[in-house]
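Right, one structure below, let's go through it.
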Amino acid sequence: MAVTVNIYYSGINGNAKKFAEEMISSGVVRDIRAEDGNIRYEYFFPMDDKETVLLIDSWKDQRAIDVHHASPMMAKIVELREKYDLHMKVERYISDEDGVPTTDKAFIKE
C-alpha cells in the first residue's frame, strides 16, 4: 500500500523556492529518487502563494519511508531546511488498493 506525503514548505523572500532549487542542483533529489521504494519526489509551486513549495513524496510502503528517514539523506534535507528557515505543513495519504472507482473514471481524460 503506497504512502504519499504532501509537504508544504513555507518561508520568506523566496526561500522555499531556493530550497527546492538547491535540493535539485545538489543532487539530493536525484539520490532520493534512486532510493529503494521511492515512487515520486517532485516539487510544485502554488500559483496563489509565492512563499510556499509543495513536495509530493510517494513511497512503496511505510517501511521504505522509515528506511529513508533513517538514512544520511535526512541530515542533508534538514540542513537545507534550516539554512532557508522553512516551516512545514504535512498531509499523509494511503493509496486505495482498488484504484480509481468506475464511477470516477467517467471524469478522467487520459
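Ligands are numbered from 1 in the order shown, residues from 1 within each chain, and chains are lettered A, B, ... in the order they appear in the C-alpha cells.
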Mind running region 36-110 of chain A against region 7-19 of chain A at 7 Å and telling me each contacting residue's nearest atom pair with the distance in Å (one decimal), counting only C-alpha atoms, chain and number ascending, as a Markdown table?
```
| residue | atom | partner | partner_atom | distance |
| --- | --- | --- | --- | --- |
| A:Glu51 | CA | A:Ser10 | CA | 5.6 |
| A:Thr52 | CA | A:Ser10 | CA | 4.4 |
| A:Val53 | CA | A:Tyr9 | CA | 5.2 |
| A:Leu54 | CA | A:Tyr8 | CA | 4.6 |
| A:Leu55 | CA | A:Ile7 | CA | 5.1 |
| A:Ile56 | CA | A:Ile7 | CA | 6.6 |
| A:Leu80 | CA | A:Phe19 | CA | 6.5 |
| A:Arg81 | CA | A:Phe19 | CA | 6.9 |
| A:Tyr84 | CA | A:Asn15 | CA | 5.5 |
| A:Asp85 | CA | A:Gly11 | CA | 6.5 |
| A:Leu86 | CA | A:Gly11 | CA | 4.9 |
| A:His87 | CA | A:Ser10 | CA | 5.3 |
| A:Met88 | CA | A:Tyr9 | CA | 4.8 |
| A:Lys89 | CA | A:Tyr8 | CA | 5.1 |
| A:Val90 | CA | A:Ile7 | CA | 4.7 |
| A:Glu91 | CA | A:Ile7 | CA | 6.6 |
```
Selection above as a file: N, CA and C atoms, as a PDB file, in the first residue's frame:
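Output below, filename selection_38.pdb:
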```pdb
ATOM      1  N   GLU A  51       5.411  32.058  -1.535  1.00  0.00           N
ATOM      2  CA  GLU A  51       6.348  31.729  -0.465  1.00  0.00           C
ATOM      3  C   GLU A  51       6.249  30.261  -0.024  1.00  0.00           C
ATOM      4  N   THR A  52       5.533  29.452  -0.801  1.00  0.00           N
ATOM      5  CA  THR A  52       5.351  28.040  -0.456  1.00  0.00           C
ATOM      6  C   THR A  52       5.714  27.158  -1.638  1.00  0.00           C
ATOM      7  N   VAL A  53       6.302  26.015  -1.321  1.00  0.00           N
ATOM      8  CA  VAL A  53       6.597  24.978  -2.300  1.00  0.00           C
ATOM      9  C   VAL A  53       5.933  23.700  -1.787  1.00  0.00           C
ATOM     10  N   LEU A  54       5.266  22.983  -2.692  1.00  0.00           N
ATOM     11  CA  LEU A  54       4.653  21.708  -2.349  1.00  0.00           C
ATOM     12  C   LEU A  54       5.543  20.579  -2.843  1.00  0.00           C
ATOM     13  N   LEU A  55       5.912  19.680  -1.946  1.00  0.00           N
ATOM     14  CA  LEU A  55       6.633  18.466  -2.313  1.00  0.00           C
ATOM     15  C   LEU A  55       5.643  17.306  -2.256  1.00  0.00           C
ATOM     16  N   ILE A  56       5.519  16.584  -3.359  1.00  0.00           N
ATOM     17  CA  ILE A  56       4.747  15.342  -3.357  1.00  0.00           C
ATOM     18  C   ILE A  56       5.768  14.214  -3.299  1.00  0.00           C
ATOM     19  N   LEU A  80      19.444  21.801   4.802  1.00  0.00           N
ATOM     20  CA  LEU A  80      18.944  22.793   3.842  1.00  0.00           C
ATOM     21  C   LEU A  80      17.665  23.462   4.347  1.00  0.00           C
ATOM     22  N   ARG A  81      16.808  22.700   4.987  1.00  0.00           N
ATOM     23  CA  ARG A  81      15.573  23.273   5.537  1.00  0.00           C
ATOM     24  C   ARG A  81      15.909  24.348   6.568  1.00  0.00           C
ATOM     25  N   TYR A  84      17.390  27.640   5.002  1.00  0.00           N
ATOM     26  CA  TYR A  84      16.388  28.537   4.423  1.00  0.00           C
ATOM     27  C   TYR A  84      15.260  28.877   5.398  1.00  0.00           C
ATOM     28  N   ASP A  85      15.389  28.430   6.658  1.00  0.00           N
ATOM     29  CA  ASP A  85      14.422  28.746   7.728  1.00  0.00           C
ATOM     30  C   ASP A  85      12.983  28.447   7.298  1.00  0.00           C
ATOM     31  N   LEU A  86      12.755  27.214   6.879  1.00  0.00           N
ATOM     32  CA  LEU A  86      11.444  26.828   6.373  1.00  0.00           C
ATOM     33  C   LEU A  86      10.600  26.164   7.449  1.00  0.00           C
ATOM     34  N   HIS A  87       9.304  26.356   7.333  1.00  0.00           N
ATOM     35  CA  HIS A  87       8.329  25.702   8.195  1.00  0.00           C
ATOM     36  C   HIS A  87       7.515  24.759   7.319  1.00  0.00           C
ATOM     37  N   MET A  88       6.901  23.757   7.950  1.00  0.00           N
ATOM     38  CA  MET A  88       6.258  22.703   7.175  1.00  0.00           C
ATOM     39  C   MET A  88       4.830  22.434   7.642  1.00  0.00           C
ATOM     40  N   LYS A  89       3.996  22.112   6.672  1.00  0.00           N
ATOM     41  CA  LYS A  89       2.673  21.542   6.932  1.00  0.00           C
ATOM     42  C   LYS A  89       2.666  20.219   6.182  1.00  0.00           C
ATOM     43  N   VAL A  90       2.204  19.143   6.821  1.00  0.00           N
ATOM     44  CA  VAL A  90       2.299  17.812   6.238  1.00  0.00           C
ATOM     45  C   VAL A  90       0.927  17.145   6.171  1.00  0.00           C
ATOM     46  N   GLU A  91       0.662  16.504   5.034  1.00  0.00           N
ATOM     47  CA  GLU A  91      -0.545  15.697   4.840  1.00  0.00           C
ATOM     48  C   GLU A  91      -0.086  14.314   4.379  1.00  0.00           C
TER      49      GLU A  91
END
```
### Summary
Between A:Glu110, A:Glu22, A:Glu82, A:Asp57, smallest distance to Gly37 (chain A) by only C-alpha atoms belongs to A:Asp57
### Query
In Å, how far is it from CA of Ala106 (chain A) to CA of Tyr93 (chain A)?
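Pair CA of Ala106 (chain A) / CA of Tyr93 (chain A) returns 23.1 Å.
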### Task
Based on DSSP run over this structure's backbone, return all residues of chain A in strand (DSSP E), as a ChimeraX atom specification.
/A:3-10,38-44,52-59,87-94
Write the residues of the selection above to a file with C-alpha atoms, as a PDB file, in the first residue's frame.
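Once everything was written out, this is out.pdb:
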```
ATOM      1  CA  VAL A   3       2.060   6.191   1.081  1.00  0.00           C
ATOM      2  CA  THR A   4       2.058   9.728  -0.302  1.00  0.00           C
ATOM      3  CA  VAL A   5       3.163  12.652   1.822  1.00  0.00           C
ATOM      4  CA  ASN A   6       2.430  16.209   0.746  1.00  0.00           C
ATOM      5  CA  ILE A   7       4.837  18.595   2.419  1.00  0.00           C
ATOM      6  CA  TYR A   8       4.227  22.325   2.147  1.00  0.00           C
ATOM      7  CA  TYR A   9       7.492  24.187   2.779  1.00  0.00           C
ATOM      8  CA  SER A  10       6.942  27.870   3.591  1.00  0.00           C
ATOM      9  CA  ASN A  38      10.600   5.795  -3.835  1.00  0.00           C
ATOM     10  CA  ILE A  39       7.777   6.275  -6.317  1.00  0.00           C
ATOM     11  CA  ARG A  40       7.729  10.051  -6.685  1.00  0.00           C
ATOM     12  CA  TYR A  41       9.622  13.043  -5.334  1.00  0.00           C
ATOM     13  CA  GLU A  42       8.537  16.215  -7.091  1.00  0.00           C
ATOM     14  CA  TYR A  43       8.155  19.912  -6.269  1.00  0.00           C
ATOM     15  CA  PHE A  44       5.266  22.159  -7.280  1.00  0.00           C
ATOM     16  CA  THR A  52       5.351  28.040  -0.456  1.00  0.00           C
ATOM     17  CA  VAL A  53       6.597  24.978  -2.300  1.00  0.00           C
ATOM     18  CA  LEU A  54       4.653  21.708  -2.349  1.00  0.00           C
ATOM     19  CA  LEU A  55       6.633  18.466  -2.313  1.00  0.00           C
ATOM     20  CA  ILE A  56       4.747  15.342  -3.357  1.00  0.00           C
ATOM     21  CA  ASP A  57       6.715  12.462  -1.866  1.00  0.00           C
ATOM     22  CA  SER A  58       5.425   8.923  -2.551  1.00  0.00           C
ATOM     23  CA  TRP A  59       6.815   5.628  -1.290  1.00  0.00           C
ATOM     24  CA  HIS A  87       8.329  25.702   8.195  1.00  0.00           C
ATOM     25  CA  MET A  88       6.258  22.703   7.175  1.00  0.00           C
ATOM     26  CA  LYS A  89       2.673  21.542   6.932  1.00  0.00           C
ATOM     27  CA  VAL A  90       2.299  17.812   6.238  1.00  0.00           C
ATOM     28  CA  GLU A  91      -0.545  15.697   4.840  1.00  0.00           C
ATOM     29  CA  ARG A  92      -0.375  11.882   4.534  1.00  0.00           C
ATOM     30  CA  TYR A  93      -2.393   9.711   2.175  1.00  0.00           C
ATOM     31  CA  ILE A  94      -2.592   5.936   1.819  1.00  0.00           C
TER      32      ILE A  94
END
```
Going by DSSP on the backbone, which residues of chain A come out as alpha helix (DSSP H)? List them as an mmCIF file with C-alpha atoms, in the first residue's frame.
```cif
data_model
loop_
_atom_site.group_PDB
_atom_site.id
_atom_site.type_symbol
_atom_site.label_atom_id
_atom_site.label_comp_id
_atom_site.auth_asym_id
_atom_site.auth_seq_id
_atom_site.Cartn_x
_atom_site.Cartn_y
_atom_site.Cartn_z
ATOM 1 C CA ASN A 15 13.441 30.815 0.412
ATOM 2 C CA ALA A 16 11.118 27.866 -0.240
ATOM 3 C CA LYS A 17 11.861 28.024 -3.958
ATOM 4 C CA LYS A 18 15.600 28.466 -3.267
ATOM 5 C CA PHE A 19 15.459 25.366 -1.049
ATOM 6 C CA ALA A 20 13.832 23.286 -3.812
ATOM 7 C CA GLU A 21 16.338 24.573 -6.362
ATOM 8 C CA GLU A 22 19.286 23.637 -4.125
ATOM 9 C CA MET A 23 17.777 20.230 -3.363
ATOM 10 C CA ILE A 24 17.764 19.612 -7.121
ATOM 11 C CA SER A 25 21.111 21.217 -8.023
ATOM 12 C CA VAL A 28 19.802 15.303 -3.193
ATOM 13 C CA VAL A 29 16.572 14.915 -5.184
ATOM 14 C CA ARG A 30 18.274 12.586 -7.659
ATOM 15 C CA ASP A 31 19.588 10.459 -4.788
ATOM 16 C CA ILE A 32 16.193 10.285 -3.073
ATOM 17 C CA ARG A 33 14.504 9.254 -6.314
ATOM 18 C CA GLN A 62 5.825 2.720 5.360
ATOM 19 C CA ARG A 63 8.956 0.592 5.625
ATOM 20 C CA ALA A 64 10.504 2.417 2.643
ATOM 21 C CA ILE A 65 9.755 5.758 4.340
ATOM 22 C CA ASP A 66 11.289 4.527 7.599
ATOM 23 C CA VAL A 67 14.478 3.461 5.795
ATOM 24 C CA HIS A 68 14.606 6.850 4.064
ATOM 25 C CA HIS A 69 14.112 8.675 7.378
ATOM 26 C CA MET A 73 19.915 11.770 3.264
ATOM 27 C CA MET A 74 17.682 13.170 6.011
ATOM 28 C CA ALA A 75 20.580 15.130 7.544
ATOM 29 C CA LYS A 76 21.104 16.868 4.194
ATOM 30 C CA ILE A 77 17.413 17.717 3.931
ATOM 31 C CA VAL A 78 17.280 19.063 7.489
ATOM 32 C CA GLU A 79 20.449 21.102 6.909
ATOM 33 C CA LEU A 80 18.944 22.793 3.842
ATOM 34 C CA ARG A 81 15.573 23.273 5.537
ATOM 35 C CA GLU A 82 17.331 25.056 8.414
ATOM 36 C CA LYS A 83 19.526 27.082 6.029
ATOM 37 C CA THR A 102 -15.566 3.089 -12.084
ATOM 38 C CA THR A 103 -17.899 5.967 -11.172
ATOM 39 C CA ASP A 104 -14.923 8.366 -11.141
ATOM 40 C CA LYS A 105 -13.364 7.118 -14.384
#
```
### Query
Separation of CA of Asp48 (chain A) and CA of Gly27 (chain A), in Å?
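A separation of 28.2 Å between them.
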### Task
Quote the spacing between CA of Pro101 (chain A) and CA of Met1 (chain A) in Å to one decimal place.
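A separation of 16.7 Å between them.
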